[in-house]
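query.txt follows (compact mmCIF, C-alpha atoms):
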# COMPACT_ATOMS: atom_id res chain seq x y z
CA MET D 29 -37.64 -0.16 -10.09
CA SER D 30 -34.26 -1.89 -10.55
CA HIS D 31 -33.43 0.49 -13.38
CA THR D 32 -33.15 3.60 -11.23
CA PRO D 33 -29.80 5.39 -11.52
CA GLY D 34 -28.94 4.87 -7.85
CA VAL D 35 -29.52 1.11 -8.00
CA ARG D 36 -27.57 0.81 -11.26
CA GLN D 37 -24.68 2.82 -9.82
CA ALA D 38 -24.64 0.69 -6.66
CA GLN D 39 -24.59 -2.51 -8.75
CA LYS D 40 -21.80 -1.12 -10.91
CA GLN D 41 -19.75 -0.26 -7.83
CA LYS D 42 -20.43 -3.71 -6.38
CA THR D 43 -19.21 -5.39 -9.58
CA ARG D 44 -16.11 -3.16 -9.69
CA GLN D 45 -15.26 -4.05 -6.09
CA ALA D 46 -15.87 -7.74 -6.82
CA LEU D 47 -13.39 -7.53 -9.72
CA LEU D 48 -10.81 -5.84 -7.46
CA ASP D 49 -11.34 -8.42 -4.72
CA ALA D 50 -11.09 -11.32 -7.18
CA GLY D 51 -7.94 -9.87 -8.71
CA LEU D 52 -6.35 -9.42 -5.31
CA ARG D 53 -7.29 -12.97 -4.28
CA LEU D 54 -5.83 -14.42 -7.48
CA LEU D 55 -2.65 -12.36 -7.02
CA GLU D 56 -1.86 -14.21 -3.79
CA ASP D 57 0.11 -16.77 -5.82
CA GLN D 58 1.05 -14.98 -9.02
CA SER D 59 2.12 -11.65 -10.43
CA LEU D 60 -0.17 -9.24 -12.24
CA SER D 61 1.67 -9.81 -15.53
CA SER D 62 0.64 -13.48 -15.44
CA LEU D 63 -2.98 -12.88 -14.40
CA GLY D 64 -5.60 -13.12 -17.12
CA LEU D 65 -8.74 -11.04 -17.45
CA ARG D 66 -10.81 -14.19 -17.97
CA GLU D 67 -9.55 -15.63 -14.68
CA VAL D 68 -10.79 -12.56 -12.84
CA THR D 69 -14.18 -12.42 -14.56
CA ARG D 70 -14.71 -16.15 -14.06
CA VAL D 71 -14.28 -15.76 -10.29
CA VAL D 72 -16.75 -12.86 -10.22
CA GLY D 73 -19.20 -14.60 -12.54
CA VAL D 74 -19.41 -11.88 -15.18
CA ALA D 75 -18.71 -11.92 -18.89
CA PRO D 76 -15.22 -10.78 -19.92
CA ALA D 77 -16.80 -7.82 -21.74
CA ALA D 78 -18.16 -6.58 -18.38
CA PHE D 79 -14.58 -6.09 -17.17
CA TYR D 80 -14.12 -3.25 -19.67
CA ARG D 81 -16.97 -1.26 -18.11
CA HIS D 82 -14.74 -0.86 -15.06
CA PHE D 83 -11.12 -1.07 -16.24
CA ARG D 84 -9.31 -0.39 -19.50
CA ASP D 85 -7.06 -3.42 -19.04
CA MET D 86 -5.34 -5.50 -16.36
CA ALA D 87 -2.80 -2.73 -15.73
CA ASP D 88 -5.70 -0.38 -14.91
CA LEU D 89 -7.03 -2.96 -12.42
CA GLY D 90 -3.54 -3.13 -10.92
CA VAL D 91 -3.34 0.65 -10.52
CA ALA D 92 -6.74 0.61 -8.79
CA LEU D 93 -5.39 -2.07 -6.44
CA VAL D 94 -2.38 0.14 -5.66
CA GLU D 95 -4.70 3.02 -4.77
CA GLU D 96 -6.79 0.69 -2.61
CA ALA D 97 -3.70 -0.79 -0.94
CA LEU D 98 -1.75 2.40 -0.23
CA GLY D 99 -4.26 5.22 -0.43
CA SER D 100 -5.79 4.52 2.97
CA LEU D 101 -2.38 4.54 4.64
CA HIS D 102 -1.80 8.23 3.95
CA ALA D 103 -4.34 9.39 6.51
CA MET D 104 -3.01 6.96 9.12
CA ILE D 105 0.62 7.98 8.60
CA ARG D 106 -0.27 11.70 8.62
CA THR D 107 -2.10 11.18 11.92
CA VAL D 108 0.83 9.32 13.47
CA LEU D 109 3.28 11.99 12.35
CA ALA D 110 1.09 14.81 13.64
CA GLU D 111 0.14 13.23 16.97
CA GLN D 112 3.56 12.16 18.21
CA ASP D 113 5.88 14.73 19.75
CA GLY D 114 9.30 13.11 19.60
CA ALA D 115 11.16 11.14 16.98
CA GLN D 116 11.25 7.99 19.11
CA GLU D 117 7.49 8.05 19.77
CA ARG D 118 6.84 8.73 16.08
CA ILE D 119 8.97 5.75 15.04
CA ASP D 120 7.41 3.42 17.61
CA ARG D 121 3.88 4.37 16.60
CA THR D 122 4.64 4.16 12.87
CA VAL D 123 6.02 0.63 13.25
CA GLU D 124 2.88 -0.31 15.22
CA VAL D 125 0.62 1.12 12.49
CA VAL D 126 2.54 -0.72 9.76
CA ALA D 127 2.36 -4.01 11.69
CA ALA D 128 -1.38 -3.58 12.25
CA HIS D 129 -1.91 -2.74 8.57
CA VAL D 130 -0.05 -5.87 7.49
CA ARG D 131 -2.16 -8.01 9.85
CA ALA D 132 -5.39 -6.42 8.57
CA HIS D 133 -4.49 -6.36 4.85
CA PRO D 134 -1.83 -8.99 4.06
CA ALA D 135 -3.01 -9.49 0.47
CA HIS D 136 -2.61 -5.77 -0.28
CA VAL D 137 0.86 -5.68 1.25
CA ARG D 138 1.90 -8.83 -0.64
CA PHE D 139 0.61 -7.29 -3.88
CA VAL D 140 2.59 -4.07 -3.37
CA ALA D 141 5.74 -5.95 -2.33
CA ARG D 142 5.55 -8.21 -5.39
CA GLU D 143 4.56 -5.57 -7.93
CA ARG D 144 6.85 -2.79 -6.72
CA HIS D 145 9.54 -4.14 -9.02
CA GLY D 146 7.24 -6.31 -11.16
CA GLY D 147 6.53 -6.50 -14.85
CA VAL D 148 3.65 -4.04 -15.25
CA ARG D 149 5.05 -0.56 -15.76
CA ALA D 150 1.87 1.38 -14.89
CA VAL D 151 1.60 -0.48 -11.58
CA ARG D 152 5.29 0.06 -10.73
CA GLU D 153 4.84 3.75 -11.46
CA ALA D 154 1.65 3.96 -9.34
CA ILE D 155 3.44 2.32 -6.41
CA GLY D 156 6.39 4.66 -6.88
CA GLU D 157 4.07 7.69 -6.90
CA GLN D 158 2.31 6.56 -3.71
CA LEU D 159 5.62 5.93 -1.94
CA ALA D 160 6.91 9.33 -3.09
CA LEU D 161 3.79 10.92 -1.57
CA PHE D 162 4.58 9.14 1.71
CA ALA D 163 8.13 10.47 1.57
CA ASP D 164 6.81 13.99 0.95
CA GLU D 165 4.52 13.69 3.97
CA VAL D 166 7.34 12.44 6.18
CA ALA D 167 9.69 15.14 4.87
CA GLU D 168 7.20 17.83 5.91
CA VAL D 169 7.47 16.69 9.54
CA LEU D 170 11.22 16.09 9.76
CA PRO D 171 12.48 19.71 9.78
CA GLY D 172 10.60 20.28 13.04
CA GLN D 173 12.67 17.65 14.85
CA SER D 174 15.53 18.98 16.93
CA GLU D 175 17.81 16.15 15.77
CA LEU D 176 17.63 17.56 12.25
CA THR D 177 18.28 21.21 13.00
CA GLY D 178 20.36 22.67 10.20
CA TRP D 179 19.52 19.95 7.68
CA SER D 180 18.66 21.14 4.20
CA GLU D 181 15.23 20.42 2.73
CA ARG D 182 16.89 18.09 0.22
CA ASP D 183 18.64 16.11 2.96
CA ALA D 184 15.42 15.86 4.99
CA HIS D 185 13.61 14.54 1.92
CA MET D 186 16.35 11.98 1.28
CA LEU D 187 16.01 10.79 4.89
CA ALA D 188 12.22 10.64 4.51
CA ALA D 189 12.56 8.49 1.38
CA LEU D 190 14.89 6.11 3.25
CA TYR D 191 12.41 6.00 6.13
CA VAL D 192 9.54 5.08 3.79
CA ASP D 193 11.65 2.50 1.97
CA HIS D 194 12.57 0.89 5.28
CA LEU D 195 8.90 0.77 6.31
CA VAL D 196 8.01 -1.00 3.05
CA MET D 197 10.74 -3.58 3.68
CA THR D 198 9.52 -3.98 7.25
CA ALA D 199 5.94 -4.49 6.06
CA SER D 200 7.15 -7.18 3.65
CA ALA D 201 9.04 -8.90 6.47
CA PHE D 202 5.89 -8.91 8.64
CA LEU D 203 3.95 -10.82 5.98
CA GLU D 204 5.19 -14.31 6.74
CA ALA D 205 6.37 -13.74 10.31
CA THR D 206 5.11 -15.64 13.32
CA PRO D 207 4.05 -13.46 16.28
CA GLU D 208 7.47 -13.96 17.90
CA GLU D 209 9.28 -13.12 14.68
CA ALA D 210 7.03 -10.09 14.16
CA GLU D 211 8.08 -8.73 17.55
CA ARG D 212 11.76 -9.13 16.64
CA ILE D 213 11.16 -7.50 13.24
CA ALA D 214 9.39 -4.57 14.93
CA GLY D 215 12.25 -4.18 17.41
CA ARG D 216 14.86 -4.19 14.65
CA ALA D 217 12.82 -1.72 12.58
CA ARG D 218 12.51 0.68 15.52
CA GLN D 219 16.22 0.39 16.22
CA GLN D 220 17.26 0.96 12.62
CA LEU D 221 14.90 3.89 12.12
CA ARG D 222 16.30 5.63 15.20
CA ARG D 223 19.83 5.64 13.81

Turn the structure described in the file into structure tokens.
Amino acid sequence: MSHTPGVRQAQKQKTRQALLDAGLRLLEDQSLSSLGLREVTRVVGVAPAAFYRHFRDMADLGVALVEEALGSLHAMIRTVLAEQDGAQERIDRTVEVVAAHVRAHPAHVRFVARERHGGVRAVREAIGEQLALFADEVAEVLPGQSELTGWSERDAHMLAALYVDHLVMTASAFLEATPEEAERIAGRARQQLRR
């Protein structure tokens, strides 16, 4: 009975997620380039060879963590951008969503902040690709704002990239902030994004 394809697939997915979770937990205090495969498999309780059934190498695990960390944000950001009418409301709601995401997923945010300029090229590139997708999504909305009437598509995209970069910095600042500091950070972020 335990050898049915559905059960095997579920167990495989469970092990893969356990490896991702263990990697993320271990990355709280170190960078991906210093994390060893054996450390991850030891936490999960599987043989090191089992790791290779799920990931080619540690960089592949890191790329999967990037997708897990940033992939879910796309739908949220698209919703915020589509639901809000004015630039000010859009900025306020985006900062709220980023703050809530940091509170809900601090380990993912810490991982992205640390690895964005870290030592593993494939992970840096995956983060860059995800952030570029965010900028593309923001750039699609910007031309419809009256404040940007007459802006070229290139200029709107440059502004979108700056907007996304600022949100990443804001998310990083939220990580270690107390509730009072978080409110000040949110206020500064809203103010700077409105400029």

Fewer than 5 positions away in the same chain doesn't count, so skip those; otherwise give me all residues within 12 Å of Ser62 of chain D, counting all atoms listed in the file, as an MDAnalysis selection string.
chainID D and resid 51 54:57 67:68 86:87 143 146:148

Just-selected residues, C-alpha atoms written as a PDB file, in the coordinates of the input:
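Listing of selection_10.pdb after writing:
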ATOM      1  CA  GLY D  51      -7.940  -9.870  -8.710  1.00  0.00           C
ATOM      2  CA  LEU D  54      -5.830 -14.420  -7.480  1.00  0.00           C
ATOM      3  CA  LEU D  55      -2.650 -12.360  -7.020  1.00  0.00           C
ATOM      4  CA  GLU D  56      -1.860 -14.210  -3.790  1.00  0.00           C
ATOM      5  CA  ASP D  57       0.110 -16.770  -5.820  1.00  0.00           C
ATOM      6  CA  GLU D  67      -9.550 -15.630 -14.680  1.00  0.00           C
ATOM      7  CA  VAL D  68     -10.790 -12.560 -12.840  1.00  0.00           C
ATOM      8  CA  MET D  86      -5.340  -5.500 -16.360  1.00  0.00           C
ATOM      9  CA  ALA D  87      -2.800  -2.730 -15.730  1.00  0.00           C
ATOM     10  CA  GLU D 143       4.560  -5.570  -7.930  1.00  0.00           C
ATOM     11  CA  GLY D 146       7.240  -6.310 -11.160  1.00  0.00           C
ATOM     12  CA  GLY D 147       6.530  -6.500 -14.850  1.00  0.00           C
ATOM     13  CA  VAL D 148       3.650  -4.040 -15.250  1.00  0.00           C
TER      14      VAL D 148
END

Would you pick out the contacts of Arg138 of chain D at 10 Å or less, using only C-alpha atoms, so that residues sharing its chain but fewer than 3 positions from it are not included, and give the list as a PyMOL selection string?
chain D and resi 52+55-57+97+130+133-135+141-144+199-200+203-204

Produce a file of the selected residues containing C-alpha atoms, as a PDB file, in the coordinates of the input.
ATOM      1  CA  LEU D  52      -6.350  -9.420  -5.310  1.00  0.00           C
ATOM      2  CA  LEU D  55      -2.650 -12.360  -7.020  1.00  0.00           C
ATOM      3  CA  GLU D  56      -1.860 -14.210  -3.790  1.00  0.00           C
ATOM      4  CA  ASP D  57       0.110 -16.770  -5.820  1.00  0.00           C
ATOM      5  CA  ALA D  97      -3.700  -0.790  -0.940  1.00  0.00           C
ATOM      6  CA  VAL D 130      -0.050  -5.870   7.490  1.00  0.00           C
ATOM      7  CA  HIS D 133      -4.490  -6.360   4.850  1.00  0.00           C
ATOM      8  CA  PRO D 134      -1.830  -8.990   4.060  1.00  0.00           C
ATOM      9  CA  ALA D 135      -3.010  -9.490   0.470  1.00  0.00           C
ATOM     10  CA  ALA D 141       5.740  -5.950  -2.330  1.00  0.00           C
ATOM     11  CA  ARG D 142       5.550  -8.210  -5.390  1.00  0.00           C
ATOM     12  CA  GLU D 143       4.560  -5.570  -7.930  1.00  0.00           C
ATOM     13  CA  ARG D 144       6.850  -2.790  -6.720  1.00  0.00           C
ATOM     14  CA  ALA D 199       5.940  -4.490   6.060  1.00  0.00           C
ATOM     15  CA  SER D 200       7.150  -7.180   3.650  1.00  0.00           C
ATOM     16  CA  LEU D 203       3.950 -10.820   5.980  1.00  0.00           C
ATOM     17  CA  GLU D 204       5.190 -14.310   6.740  1.00  0.00           C
TER      18      GLU D 204
END

Please identify all polymer residues within 8 Å of Ala127 of chain D, counting all atoms listed in the file, omitting same-chain residues fewer than 3 positions from it, and present them as a PyMOL selection string.
chain D and resi 123-124+130-131+199+202+214

Could you save those same residues with C-alpha atoms as a PDB file, keeping the file's coordinate frame?
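And here's selection.pdb as it stands now:
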ATOM      1  CA  VAL D 123       6.020   0.630  13.250  1.00  0.00           C
ATOM      2  CA  GLU D 124       2.880  -0.310  15.220  1.00  0.00           C
ATOM      3  CA  VAL D 130      -0.050  -5.870   7.490  1.00  0.00           C
ATOM      4  CA  ARG D 131      -2.160  -8.010   9.850  1.00  0.00           C
ATOM      5  CA  ALA D 199       5.940  -4.490   6.060  1.00  0.00           C
ATOM      6  CA  PHE D 202       5.890  -8.910   8.640  1.00  0.00           C
ATOM      7  CA  ALA D 214       9.390  -4.570  14.930  1.00  0.00           C
TER       8      ALA D 214
END

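Atom CA of Gly90 of chain D lies 15.9 Å from atom CA of Thr43 of chain D.
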
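One finds atom CA of Thr69 of chain D at 28.2 Å from atom CA of Glu157 of chain D.
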
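Nearest residue to Arg81 of chain D, choosing from D:Arg66, D:His185, D:Arg118, D:Arg44 and counting only C-alpha atoms: D:Arg44.
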
Within 9 Å of Val196 of chain D, counting all atoms listed in the file, which residues show up once you throw out same-chain ones fewer than 2 positions away? Write them as JSON, numbers by chain, please.
{"D": [126, 137, 140, 141, 159, 191, 192, 193, 194, 198, 199, 200, 201]}

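In this comparison, which uses all atoms listed in the file, the residue of D:Leu170, D:Val35, D:Leu89, D:Leu63 approaching Asp49 of chain D most closely is D:Leu89.
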
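From atom CA of Gln39 of chain D back to atom CA of Gln158 of chain D, the distance works out to 28.8 Å.
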
List the residues sitting within 12 Å of (9.4, -5.8, 15.9) in the file's frame, using all atoms listed in the file, as a ChimeraX atom specification.
/D:119-128,195,198-199,201-202,205-221

Residue nearest Val72 of chain D among D:Val108, D:Ala167, D:Leu47, D:Val94 (counting all atoms listed in the file):
D:Leu47

Missing atoms in segment 71-91 of chain D should be modelled up to N, CA and C atoms and reported as a JSON list (two decimals), keeping the file's coordinate frame.
[["chain", "number", "residue", "atom", "x", "y", "z"],
["D", 71, "VAL", "N", -14.08, -15.74, -11.74],
["D", 71, "VAL", "CA", -14.28, -15.76, -10.29],
["D", 71, "VAL", "C", -15.49, -14.91, -9.90],
["D", 72, "VAL", "N", -15.65, -13.78, -10.55],
["D", 72, "VAL", "CA", -16.75, -12.86, -10.22],
["D", 72, "VAL", "C", -18.07, -13.36, -10.81],
["D", 73, "GLY", "N", -17.98, -14.11, -11.90],
["D", 73, "GLY", "CA", -19.20, -14.60, -12.54],
["D", 73, "GLY", "C", -19.81, -13.61, -13.51],
["D", 74, "VAL", "N", -18.94, -12.82, -14.16],
["D", 74, "VAL", "CA", -19.41, -11.88, -15.18],
["D", 74, "VAL", "C", -18.72, -12.20, -16.49],
["D", 75, "ALA", "N", -19.30, -11.72, -17.56],
["D", 75, "ALA", "CA", -18.71, -11.92, -18.89],
["D", 75, "ALA", "C", -17.44, -11.08, -19.00],
["D", 76, "PRO", "N", -16.45, -11.56, -19.75],
["D", 76, "PRO", "CA", -15.22, -10.78, -19.92],
["D", 76, "PRO", "C", -15.47, -9.36, -20.41],
["D", 77, "ALA", "N", -16.49, -9.16, -21.24],
["D", 77, "ALA", "CA", -16.80, -7.82, -21.74],
["D", 77, "ALA", "C", -17.18, -6.87, -20.60],
["D", 78, "ALA", "N", -17.76, -7.40, -19.53],
["D", 78, "ALA", "CA", -18.16, -6.58, -18.38],
["D", 78, "ALA", "C", -16.95, -5.95, -17.70],
["D", 79, "PHE", "N", -15.81, -6.61, -17.77],
["D", 79, "PHE", "CA", -14.58, -6.09, -17.17],
["D", 79, "PHE", "C", -14.28, -4.69, -17.70],
["D", 80, "TYR", "N", -14.49, -4.51, -19.01],
["D", 80, "TYR", "CA", -14.12, -3.25, -19.67],
["D", 80, "TYR", "C", -15.05, -2.08, -19.31],
["D", 81, "ARG", "N", -16.13, -2.35, -18.63],
["D", 81, "ARG", "CA", -16.97, -1.26, -18.11],
["D", 81, "ARG", "C", -16.34, -0.62, -16.89],
["D", 82, "HIS", "N", -15.35, -1.31, -16.31],
["D", 82, "HIS", "CA", -14.74, -0.86, -15.06],
["D", 82, "HIS", "C", -13.26, -0.52, -15.20],
["D", 83, "PHE", "N", -12.57, -1.24, -16.09],
["D", 83, "PHE", "CA", -11.12, -1.07, -16.24],
["D", 83, "PHE", "C", -10.76, -1.16, -17.72],
["D", 84, "ARG", "N", -9.76, -0.36, -18.11],
["D", 84, "ARG", "CA", -9.31, -0.39, -19.50],
["D", 84, "ARG", "C", -8.61, -1.71, -19.82],
["D", 85, "ASP", "N", -7.83, -2.20, -18.85],
["D", 85, "ASP", "CA", -7.06, -3.42, -19.04],
["D", 85, "ASP", "C", -6.60, -3.90, -17.67],
["D", 86, "MET", "N", -5.79, -4.95, -17.64],
["D", 86, "MET", "CA", -5.34, -5.50, -16.36],
["D", 86, "MET", "C", -4.42, -4.52, -15.63],
["D", 87, "ALA", "N", -3.66, -3.73, -16.37],
["D", 87, "ALA", "CA", -2.80, -2.73, -15.73],
["D", 87, "ALA", "C", -3.66, -1.71, -14.98],
["D", 88, "ASP", "N", -4.79, -1.33, -15.55],
["D", 88, "ASP", "CA", -5.70, -0.38, -14.91],
["D", 88, "ASP", "C", -6.26, -0.99, -13.61],
["D", 89, "LEU", "N", -6.59, -2.27, -13.64],
["D", 89, "LEU", "CA", -7.03, -2.96, -12.42],
["D", 89, "LEU", "C", -5.91, -2.93, -11.39],
["D", 90, "GLY", "N", -4.68, -3.16, -11.83],
["D", 90, "GLY", "CA", -3.54, -3.13, -10.92],
["D", 90, "GLY", "C", -3.33, -1.77, -10.28],
["D", 91, "VAL", "N", -3.48, -0.70, -11.07],
["D", 91, "VAL", "CA", -3.34, 0.65, -10.52],
["D", 91, "VAL", "C", -4.43, 0.92, -9.49]]
